[in-house]
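Written out below as structure tokens is the structure these notes cover.
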Amino acid sequence: MKSIYVIRHCEAEGQQLEALLTAKGVQQAETLARFLSNKDIERIISSPFVRAIQSIQPLATQKEMKLELDERLSERILSALNLPDWLERLKETFDDLELKFDGGESSREAMNRVVSVVEDIMKSEAKNTLIVTHGNLMSLLLKNFQPDFGFEDWQNLSNPDVFLLQFLDNNEVTVERLWVSDTV
């Protein structure tokens, strides 16, 4: 059996690649490290976005582990254009996985990207891996294994959030939310 801890980054100042964690986000990262400290994690793979790295750095430091950065864990780009009704457009992409806006990725494309990370993890020797990503991409990964995971579930994610994917010997995958948002 293999386990993958899927982490959504802590509270950040914005959506840009270089956006830092807020003061609250820094505290959340410390709480997240304590929450995960007793887990037998062999690899930590993170989105290269600063907020993702900052979210897991306390745990990596505590466990004396090197962070692996993977571009495939970067947040999905909904559109290259500024969409004033972006929330409604995002909702549509949960219903139509092929829907694509100018300069953006469809849900299917983003899902395939993040699933390719999981496929690589499954080929590795590590039994317990932790990945750090972003809310939309995390939702699409969860939707891949739990098809009824939808827009409302995305809206109910917290910063941070933690899910556990367990890949059982019979090719079954279980999805469990471990994080309780009032932990912080």
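Letters A, B, ... go to the chains of the structure tokens in the order shown; residues in each chain start at 1; ligands are counted from 1 in the same order.
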
### Message
So that I can check the surroundings of range 105-119 of chain A, please list as a PyMOL selection string every protein, DNA and RNA residue that reaches within 10 Å of it, counting only C-alpha atoms and ignoring chain neighbours fewer than 4 positions away.
### Response
chain A and resi 4+45+70-80+90+92-101+123-124+129+131+133+136-145+165

### Message
If you run DSSP on the backbone here, which positions in range 37-123 of chain A get strand (DSSP E)? Please write them as a PyMOL selection string.
### Response
chain A and resi 43-46+67-69

Take the selection from the previous step and output its residues with N, CA, C and O atoms, as a short mmCIF file (atom, residue, chain, number, x, y, z; two decimals), in the first residue's frame.
data_model
loop_
_atom_site.label_atom_id
_atom_site.label_comp_id
_atom_site.auth_asym_id
_atom_site.auth_seq_id
_atom_site.Cartn_x
_atom_site.Cartn_y
_atom_site.Cartn_z
N ARG A 43 9.10 11.38 1.23
CA ARG A 43 9.37 12.39 0.20
C ARG A 43 8.40 13.54 0.37
O ARG A 43 7.23 13.32 0.72
N ILE A 44 8.89 14.75 0.08
CA ILE A 44 8.04 15.94 0.03
C ILE A 44 8.24 16.59 -1.33
O ILE A 44 9.36 16.97 -1.67
N ILE A 45 7.14 16.70 -2.08
CA ILE A 45 7.19 17.30 -3.41
C ILE A 45 6.26 18.49 -3.39
O ILE A 45 5.10 18.39 -2.99
N SER A 46 6.75 19.66 -3.82
CA SER A 46 5.97 20.88 -3.73
C SER A 46 5.87 21.60 -5.06
O SER A 46 6.76 21.55 -5.90
N LEU A 67 13.18 19.40 -0.03
CA LEU A 67 11.97 19.61 -0.82
C LEU A 67 12.29 19.35 -2.29
O LEU A 67 13.27 19.87 -2.82
N GLU A 68 11.44 18.59 -2.94
CA GLU A 68 11.53 18.42 -4.38
C GLU A 68 10.48 19.34 -4.98
O GLU A 68 9.33 19.34 -4.55
N LEU A 69 10.87 20.16 -5.95
CA LEU A 69 9.92 21.06 -6.61
C LEU A 69 9.48 20.44 -7.93
O LEU A 69 10.30 19.88 -8.67
#

### Message
Rounded to one decimal, what separation in Å do you get between CA of Gln166 in chain A and CA of Lys63 in chain A?
### Response
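Going from CA of Gln166 in chain A over to CA of Lys63 in chain A covers 21.8 Å.
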
### Task
Just the residues within 12 Å of Leu157 in chain A, please, counting only C-alpha atoms, with nothing from its chain fewer than 6 positions along; format it as number ranges by chain.
A: 7-11, 134-139, 142, 149-151, 163, 177-182
